[in-house]
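J.: The following file, protein.tsv, comprises TSV, N, CA and C atoms:
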```
chain	number	residue	atom	x	y	z
J	1	MET	N	-42.29	1.45	-45.61
J	1	MET	CA	-41.62	0.19	-45.40
J	1	MET	C	-40.11	0.38	-45.43
J	2	THR	N	-39.60	1.22	-46.33
J	2	THR	CA	-38.16	1.42	-46.41
J	2	THR	C	-37.62	2.16	-45.19
J	3	SER	N	-38.44	2.99	-44.58
J	3	SER	CA	-37.97	3.70	-43.39
J	3	SER	C	-37.75	2.73	-42.23
J	4	ILE	N	-38.54	1.66	-42.15
J	4	ILE	CA	-38.37	0.66	-41.11
J	4	ILE	C	-37.06	-0.11	-41.35
J	5	VAL	N	-36.77	-0.44	-42.60
J	5	VAL	CA	-35.53	-1.16	-42.94
J	5	VAL	C	-34.33	-0.27	-42.65
J	6	LEU	N	-34.40	1.01	-43.01
J	6	LEU	CA	-33.29	1.93	-42.74
J	6	LEU	C	-33.09	2.09	-41.23
J	7	ALA	N	-34.16	2.15	-40.47
J	7	ALA	CA	-34.05	2.28	-39.02
J	7	ALA	C	-33.41	1.03	-38.42
J	8	ALA	N	-33.76	-0.13	-38.94
J	8	ALA	CA	-33.17	-1.39	-38.45
J	8	ALA	C	-31.68	-1.44	-38.78
J	9	GLN	N	-31.30	-1.01	-39.98
J	9	GLN	CA	-29.89	-1.00	-40.36
J	9	GLN	C	-29.10	-0.01	-39.52
J	10	ALA	N	-29.70	1.12	-39.20
J	10	ALA	CA	-29.02	2.12	-38.38
J	10	ALA	C	-28.81	1.58	-36.96
J	11	ALA	N	-29.79	0.85	-36.45
J	11	ALA	CA	-29.66	0.27	-35.11
J	11	ALA	C	-28.53	-0.75	-35.08
J	12	GLN	N	-28.40	-1.55	-36.13
J	12	GLN	CA	-27.33	-2.54	-36.18
J	12	GLN	C	-25.98	-1.85	-36.29
J	13	GLY	N	-25.87	-0.84	-37.09
J	13	GLY	CA	-24.62	-0.11	-37.24
J	13	GLY	C	-24.25	0.61	-35.96
J	14	GLY	N	-25.22	1.09	-35.24
J	14	GLY	CA	-24.99	1.76	-33.97
J	14	GLY	C	-24.39	0.82	-32.94
J	15	GLY	N	-24.81	-0.44	-32.97
J	15	GLY	CA	-24.26	-1.44	-32.05
J	15	GLY	C	-22.80	-1.72	-32.34
J	16	MET	N	-22.48	-1.78	-33.61
J	16	MET	CA	-21.09	-2.04	-34.01
J	16	MET	C	-20.19	-0.86	-33.64
J	17	SER	N	-20.69	0.35	-33.85
J	17	SER	CA	-19.87	1.50	-33.50
J	17	SER	C	-19.70	1.60	-31.99
J	18	MET	N	-20.69	1.15	-31.24
J	18	MET	CA	-20.58	1.15	-29.78
J	18	MET	C	-19.49	0.17	-29.33
J	19	ILE	N	-19.41	-0.98	-29.96
J	19	ILE	CA	-18.37	-1.97	-29.63
J	19	ILE	C	-17.00	-1.41	-29.98
J	20	LEU	N	-16.89	-0.78	-31.14
J	20	LEU	CA	-15.60	-0.19	-31.53
J	20	LEU	C	-15.19	0.92	-30.57
J	21	MET	N	-16.16	1.70	-30.11
J	21	MET	CA	-15.88	2.77	-29.15
J	21	MET	C	-15.38	2.20	-27.84
J	22	MET	N	-15.99	1.11	-27.36
J	22	MET	CA	-15.55	0.47	-26.12
J	22	MET	C	-14.14	-0.08	-26.26
J	23	VAL	N	-13.82	-0.69	-27.39
J	23	VAL	CA	-12.48	-1.21	-27.64
J	23	VAL	C	-11.47	-0.06	-27.66
J	24	ALA	N	-11.83	1.03	-28.30
J	24	ALA	CA	-10.93	2.18	-28.36
J	24	ALA	C	-10.68	2.76	-26.96
J	25	ILE	N	-11.70	2.86	-26.15
J	25	ILE	CA	-11.55	3.38	-24.79
J	25	ILE	C	-10.65	2.46	-23.97
J	26	PHE	N	-10.85	1.15	-24.08
J	26	PHE	CA	-10.00	0.21	-23.35
J	26	PHE	C	-8.55	0.32	-23.81
J	27	ALA	N	-8.33	0.45	-25.12
J	27	ALA	CA	-6.96	0.58	-25.64
J	27	ALA	C	-6.29	1.84	-25.11
J	28	ILE	N	-7.02	2.93	-25.07
J	28	ILE	CA	-6.48	4.19	-24.55
J	28	ILE	C	-6.14	4.04	-23.06
J	29	MET	N	-7.03	3.44	-22.31
J	29	MET	CA	-6.77	3.23	-20.88
J	29	MET	C	-5.55	2.34	-20.68
J	30	TYR	N	-5.40	1.30	-21.50
J	30	TYR	CA	-4.28	0.38	-21.36
J	30	TYR	C	-2.96	1.11	-21.61
J	31	PHE	N	-2.88	1.85	-22.70
J	31	PHE	CA	-1.60	2.47	-23.06
J	31	PHE	C	-1.25	3.71	-22.22
J	32	PHE	N	-2.25	4.37	-21.64
J	32	PHE	CA	-1.95	5.56	-20.85
J	32	PHE	C	-1.99	5.34	-19.35
J	33	MET	N	-2.58	4.22	-18.89
J	33	MET	CA	-2.67	4.00	-17.45
J	33	MET	C	-2.05	2.67	-17.01
J	34	ILE	N	-2.45	1.59	-17.61
J	34	ILE	CA	-2.03	0.27	-17.14
J	34	ILE	C	-0.59	-0.03	-17.50
J	35	LYS	N	-0.20	0.16	-18.74
J	35	LYS	CA	1.15	-0.17	-19.18
J	35	LYS	C	2.22	0.66	-18.46
J	36	PRO	N	2.07	1.98	-18.30
J	36	PRO	CA	3.08	2.73	-17.55
J	36	PRO	C	3.20	2.28	-16.09
J	37	GLN	N	2.08	1.91	-15.48
J	37	GLN	CA	2.13	1.43	-14.10
J	37	GLN	C	2.88	0.11	-14.01
J	38	GLN	N	2.67	-0.79	-14.98
J	38	GLN	CA	3.40	-2.06	-14.99
J	38	GLN	C	4.89	-1.81	-15.17
J	39	LYS	N	5.26	-0.86	-16.01
J	39	LYS	CA	6.66	-0.53	-16.23
J	39	LYS	C	7.29	0.00	-14.95
J	40	ARG	N	6.57	0.86	-14.26
J	40	ARG	CA	7.07	1.44	-13.00
J	40	ARG	C	7.25	0.36	-11.94
J	41	GLN	N	6.30	-0.59	-11.86
J	41	GLN	CA	6.42	-1.68	-10.90
J	41	GLN	C	7.65	-2.54	-11.19
J	42	LYS	N	7.94	-2.78	-12.46
J	42	LYS	CA	9.13	-3.56	-12.83
J	42	LYS	C	10.40	-2.82	-12.43
J	43	GLU	N	10.42	-1.50	-12.61
J	43	GLU	CA	11.59	-0.71	-12.21
J	43	GLU	C	11.80	-0.75	-10.70
J	44	ILE	N	10.73	-0.67	-9.94
J	44	ILE	CA	10.83	-0.73	-8.48
J	44	ILE	C	11.35	-2.09	-8.05
J	45	GLN	N	10.82	-3.16	-8.64
J	45	GLN	CA	11.26	-4.50	-8.29
J	45	GLN	C	12.73	-4.71	-8.66
J	46	LYS	N	13.15	-4.17	-9.80
J	46	LYS	CA	14.55	-4.28	-10.21
J	46	LYS	C	15.44	-3.55	-9.21
J	47	PHE	N	15.04	-2.35	-8.77
J	47	PHE	CA	15.81	-1.60	-7.78
J	47	PHE	C	15.93	-2.39	-6.48
J	48	GLN	N	14.83	-2.98	-6.02
J	48	GLN	CA	14.85	-3.74	-4.77
J	48	GLN	C	15.73	-4.98	-4.88
J	49	ASN	N	15.76	-5.61	-6.04
J	49	ASN	CA	16.60	-6.79	-6.23
J	49	ASN	C	18.08	-6.44	-6.31
J	50	GLU	N	18.41	-5.24	-6.80
J	50	GLU	CA	19.80	-4.82	-6.97
J	50	GLU	C	20.28	-3.94	-5.81
J	51	LEU	N	19.54	-3.91	-4.73
J	51	LEU	CA	19.86	-3.08	-3.58
J	51	LEU	C	21.21	-3.46	-2.99
J	52	THR	N	22.04	-2.45	-2.67
J	52	THR	CA	23.35	-2.68	-2.07
J	52	THR	C	23.51	-1.80	-0.83
J	53	GLU	N	24.48	-2.14	-0.01
J	53	GLU	CA	24.76	-1.34	1.18
J	53	GLU	C	25.25	0.04	0.77
J	54	GLY	N	24.80	1.05	1.51
J	54	GLY	CA	25.20	2.42	1.22
J	54	GLY	C	24.24	3.17	0.30
J	55	THR	N	23.23	2.49	-0.22
J	55	THR	CA	22.26	3.12	-1.10
J	55	THR	C	21.28	3.96	-0.28
J	56	GLU	N	21.02	5.19	-0.73
J	56	GLU	CA	20.03	6.03	-0.07
J	56	GLU	C	18.64	5.59	-0.52
J	57	VAL	N	17.76	5.38	0.46
J	57	VAL	CA	16.42	4.87	0.18
J	57	VAL	C	15.37	5.63	0.98
J	58	VAL	N	14.11	5.37	0.61
J	58	VAL	CA	12.95	5.86	1.36
J	58	VAL	C	12.10	4.65	1.67
J	59	THR	N	11.68	4.50	2.92
J	59	THR	CA	10.83	3.37	3.27
J	59	THR	C	9.39	3.66	2.85
J	60	GLY	N	8.55	2.65	2.91
J	60	GLY	CA	7.14	2.82	2.57
J	60	GLY	C	6.45	3.83	3.47
J	61	GLY	N	6.97	4.04	4.67
J	61	GLY	CA	6.40	5.01	5.61
J	61	GLY	C	6.93	6.41	5.41
J	62	GLY	N	7.85	6.59	4.45
J	62	GLY	CA	8.37	7.92	4.16
J	62	GLY	C	9.64	8.28	4.90
J	63	ILE	N	10.27	7.31	5.55
J	63	ILE	CA	11.50	7.58	6.30
J	63	ILE	C	12.69	7.46	5.37
J	64	HIS	N	13.53	8.50	5.33
J	64	HIS	CA	14.73	8.50	4.50
J	64	HIS	C	15.88	7.92	5.29
J	65	GLY	N	16.73	7.14	4.61
J	65	GLY	CA	17.88	6.57	5.29
J	65	GLY	C	18.85	5.94	4.31
J	66	VAL	N	19.85	5.25	4.86
J	66	VAL	CA	20.89	4.59	4.07
J	66	VAL	C	20.90	3.12	4.45
J	67	VAL	N	20.99	2.25	3.44
J	67	VAL	CA	21.01	0.81	3.68
J	67	VAL	C	22.31	0.43	4.38
J	68	LYS	N	22.19	-0.25	5.52
J	68	LYS	CA	23.36	-0.71	6.26
J	68	LYS	C	23.64	-2.18	5.98
J	69	SER	N	22.60	-3.01	5.91
J	69	SER	CA	22.79	-4.43	5.61
J	69	SER	C	21.50	-5.00	5.03
J	70	ILE	N	21.66	-6.12	4.33
J	70	ILE	CA	20.53	-6.79	3.67
J	70	ILE	C	20.53	-8.25	4.11
J	71	ASP	N	19.40	-8.75	4.58
J	71	ASP	CA	19.25	-10.15	4.97
J	71	ASP	C	18.34	-10.83	3.95
J	72	LEU	N	18.95	-11.55	3.01
J	72	LEU	CA	18.17	-12.21	1.95
J	72	LEU	C	17.32	-13.35	2.49
J	73	ALA	N	17.77	-14.01	3.56
J	73	ALA	CA	17.00	-15.12	4.11
J	73	ALA	C	15.66	-14.64	4.69
J	74	LYS	N	15.69	-13.51	5.37
J	74	LYS	CA	14.47	-12.96	5.97
J	74	LYS	C	13.79	-11.93	5.07
J	75	ASN	N	14.44	-11.57	3.97
J	75	ASN	CA	13.93	-10.58	3.03
J	75	ASN	C	13.73	-9.22	3.72
J	76	THR	N	14.72	-8.84	4.56
J	76	THR	CA	14.66	-7.58	5.27
J	76	THR	C	15.89	-6.74	4.98
J	77	VAL	N	15.78	-5.45	5.29
J	77	VAL	CA	16.87	-4.50	5.08
J	77	VAL	C	17.02	-3.67	6.36
J	78	ASP	N	18.26	-3.51	6.81
J	78	ASP	CA	18.53	-2.61	7.93
J	78	ASP	C	18.86	-1.24	7.35
J	79	VAL	N	18.09	-0.23	7.77
J	79	VAL	CA	18.25	1.12	7.24
J	79	VAL	C	18.66	2.06	8.38
J	80	LYS	N	19.76	2.78	8.19
J	80	LYS	CA	20.22	3.76	9.18
J	80	LYS	C	19.48	5.06	8.89
J	81	ILE	N	18.71	5.53	9.89
J	81	ILE	CA	17.91	6.73	9.68
J	81	ILE	C	18.46	7.92	10.46
J	82	ALA	N	19.33	7.67	11.41
J	82	ALA	CA	19.99	8.73	12.18
J	82	ALA	C	21.24	8.13	12.81
J	83	ARG	N	22.06	8.97	13.43
J	83	ARG	CA	23.26	8.45	14.07
J	83	ARG	C	22.86	7.45	15.15
J	84	ASP	N	23.41	6.25	15.08
J	84	ASP	CA	23.15	5.16	16.02
J	84	ASP	C	21.69	4.70	16.03
J	85	VAL	N	20.92	4.97	14.97
J	85	VAL	CA	19.54	4.49	14.88
J	85	VAL	C	19.38	3.70	13.59
J	86	VAL	N	19.15	2.39	13.75
J	86	VAL	CA	18.98	1.52	12.59
J	86	VAL	C	17.65	0.80	12.74
J	87	VAL	N	16.83	0.82	11.69
J	87	VAL	CA	15.54	0.13	11.71
J	87	VAL	C	15.58	-1.00	10.69
J	88	THR	N	14.85	-2.05	10.98
J	88	THR	CA	14.74	-3.18	10.06
J	88	THR	C	13.38	-3.11	9.39
J	89	VAL	N	13.38	-3.12	8.06
J	89	VAL	CA	12.12	-3.05	7.30
J	89	VAL	C	12.12	-4.16	6.24
J	90	GLU	N	10.93	-4.49	5.75
J	90	GLU	CA	10.81	-5.45	4.67
J	90	GLU	C	11.47	-4.89	3.41
J	91	LYS	N	12.10	-5.74	2.67
J	91	LYS	CA	12.79	-5.32	1.45
J	91	LYS	C	11.80	-4.73	0.43
J	92	THR	N	10.58	-5.24	0.44
J	92	THR	CA	9.58	-4.76	-0.52
J	92	THR	C	9.03	-3.39	-0.19
J	93	SER	N	9.36	-2.86	1.01
J	93	SER	CA	8.87	-1.51	1.36
J	93	SER	C	9.98	-0.48	1.30
J	94	VAL	N	11.02	-0.77	0.52
J	94	VAL	CA	12.14	0.16	0.35
J	94	VAL	C	12.15	0.63	-1.10
J	95	TYR	N	12.22	1.95	-1.29
J	95	TYR	CA	12.16	2.54	-2.62
J	95	TYR	C	13.34	3.47	-2.84
J	96	LYS	N	13.60	3.79	-4.09
J	96	LYS	CA	14.70	4.68	-4.45
J	96	LYS	C	14.42	6.08	-3.95
J	97	ASP	N	15.44	6.71	-3.37
J	97	ASP	CA	15.32	8.09	-2.89
J	97	ASP	C	15.55	9.01	-4.09
J	98	MET	N	14.47	9.48	-4.69
J	98	MET	CA	14.58	10.28	-5.91
J	98	MET	C	15.18	11.65	-5.64
J	99	ALA	N	15.02	12.16	-4.42
J	99	ALA	CA	15.58	13.48	-4.09
J	99	ALA	C	17.11	13.43	-4.10
J	100	SER	N	17.69	12.30	-3.69
J	100	SER	CA	19.16	12.21	-3.64
J	100	SER	C	19.77	12.03	-5.03
J	101	THR	N	19.00	11.48	-5.97
J	101	THR	CA	19.53	11.28	-7.33
J	101	THR	C	19.31	12.48	-8.22
J	102	GLY	N	18.39	13.37	-7.84
J	102	GLY	CA	18.09	14.53	-8.67
J	102	GLY	C	17.23	14.19	-9.86
J	103	LEU	N	16.62	12.99	-9.86
J	103	LEU	CA	15.78	12.54	-10.98
J	103	LEU	C	14.34	12.41	-10.56
J	104	GLN	N	13.77	13.45	-10.03
J	104	GLN	CA	12.39	13.38	-9.57
J	104	GLN	C	11.45	13.27	-10.75
J	105	LYS	N	10.43	12.42	-10.60
J	105	LYS	CA	9.45	12.24	-11.67
J	105	LYS	C	8.17	12.93	-11.32
```
The structure given in the file should be rewritten as structure tokens.
T.:
Amino acid sequence: MTSIVLAAQAAQGGGMSMILMMVAIFAIMYFFMIKPQQKRQKEIQKFQNELTEGTEVVTGGGIHGVVKSIDLAKNTVDVKIARDVVVTVEKTSVYKDMASTGLQK
């Protein structure tokens, strides 16, 4: 009879440890994956909001260039990619050129 009671108590304790394990896994995922990604997104958005003419950037398609003008009404940026070649891209698809700053991550 006592072995049945001990088995029942072990099953209940096993359920609680399983819940604690799931919480621990979620916490680890949050602090090592989700939170750093949120921080990086905020940094990108801050860079895009503080964008100025003459800043070296990379477009979402991987094209390197220099900002020539910014149109806040249309939310676009004119980027000079070569001599006499200027392309217009969405402001949200412009990122910091890490190679020009020497701060590659």
J.: Would you list the contacts of segment 68-71 of chain J as a VMD selection string, taking every protein, DNA or RNA residue within 6 Å and counting only N, CA and C atoms, but skipping same-chain residues closer than 6 positions in sequence?
T.: chain J and resid 53 to 54 77 to 80
J.: Please provide the set of residues having any atom within 12 Å of Ile63 of chain J, restricted to only C-alpha atoms, with same-chain residues fewer than 6 positions apart removed, written as a VMD selection string.
T.: chain J and resid 56 to 57 79 to 82 86 to 89 93 to 97
J.: Could you dump the residues just selected with N, CA and C atoms as a compact mmCIF listing (two decimals), in the coordinates of the input?
T.:
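Saved file out_10.txt follows:
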```
# COMPACT_ATOMS: atom_id res chain seq x y z
N GLU J 56 21.02 5.19 -0.73
CA GLU J 56 20.03 6.03 -0.07
C GLU J 56 18.64 5.59 -0.52
N VAL J 57 17.76 5.38 0.46
CA VAL J 57 16.42 4.87 0.18
C VAL J 57 15.37 5.63 0.98
N VAL J 79 18.09 -0.23 7.77
CA VAL J 79 18.25 1.12 7.24
C VAL J 79 18.66 2.06 8.38
N LYS J 80 19.76 2.78 8.19
CA LYS J 80 20.22 3.76 9.18
C LYS J 80 19.48 5.06 8.89
N ILE J 81 18.71 5.53 9.89
CA ILE J 81 17.91 6.73 9.68
C ILE J 81 18.46 7.92 10.46
N ALA J 82 19.33 7.67 11.41
CA ALA J 82 19.99 8.73 12.18
C ALA J 82 21.24 8.13 12.81
N VAL J 86 19.15 2.39 13.75
CA VAL J 86 18.98 1.52 12.59
C VAL J 86 17.65 0.80 12.74
N VAL J 87 16.83 0.82 11.69
CA VAL J 87 15.54 0.13 11.71
C VAL J 87 15.58 -1.00 10.69
N THR J 88 14.85 -2.05 10.98
CA THR J 88 14.74 -3.18 10.06
C THR J 88 13.38 -3.11 9.39
N VAL J 89 13.38 -3.12 8.06
CA VAL J 89 12.12 -3.05 7.30
C VAL J 89 12.12 -4.16 6.24
N SER J 93 9.36 -2.86 1.01
CA SER J 93 8.87 -1.51 1.36
C SER J 93 9.98 -0.48 1.30
N VAL J 94 11.02 -0.77 0.52
CA VAL J 94 12.14 0.16 0.35
C VAL J 94 12.15 0.63 -1.10
N TYR J 95 12.22 1.95 -1.29
CA TYR J 95 12.16 2.54 -2.62
C TYR J 95 13.34 3.47 -2.84
N LYS J 96 13.60 3.79 -4.09
CA LYS J 96 14.70 4.68 -4.45
C LYS J 96 14.42 6.08 -3.95
N ASP J 97 15.44 6.71 -3.37
CA ASP J 97 15.32 8.09 -2.89
C ASP J 97 15.55 9.01 -4.09
```
J.: Would you compute the distance between atom CA of Thr92 of chain J and atom C of Asn75 of chain J? Give it in Å to one decimal.
T.: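 Answer for the atom CA of Thr92 of chain J to atom C of Asn75 of chain J separation: 7.4 Å.
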J.: Which residues in segment 39-105 of chain J does DSSP call alpha helix (DSSP H)? List them as a PyMOL selection string.
T.: chain J and resi 39-49+98-101
J.: Expressed in Å to a single decimal, how great is the separation between atom CA of Ala99 of chain J and atom CA of Thr76 of chain J?
T.: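 Distance reported for this atom pair: 23.1 Å.
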J.: What residues in segment 22-76 of chain J get the DSSP label strand (DSSP E or B)? Please answer as a PyMOL selection string.
T.: chain J and resi 56-59+64-71+76
J.: Could you work out an axis-aligned bounding box for all listed atoms of segment 59-62 of chain J, with 5 Å added on each of the six sides, and give its centre and edge lengths in Å to one decimal, as JSON?
T.:
```
{"center_x": 9.0, "center_y": 5.5, "center_z": 4.1, "size_x": 15.3, "size_y": 15.6, "size_z": 13.0}
```
J.: Can you work out the spacing between atom N of Met16 of chain J and atom CA of Met29 of chain J in Å, to one decimal?
T.: 20.8 Å
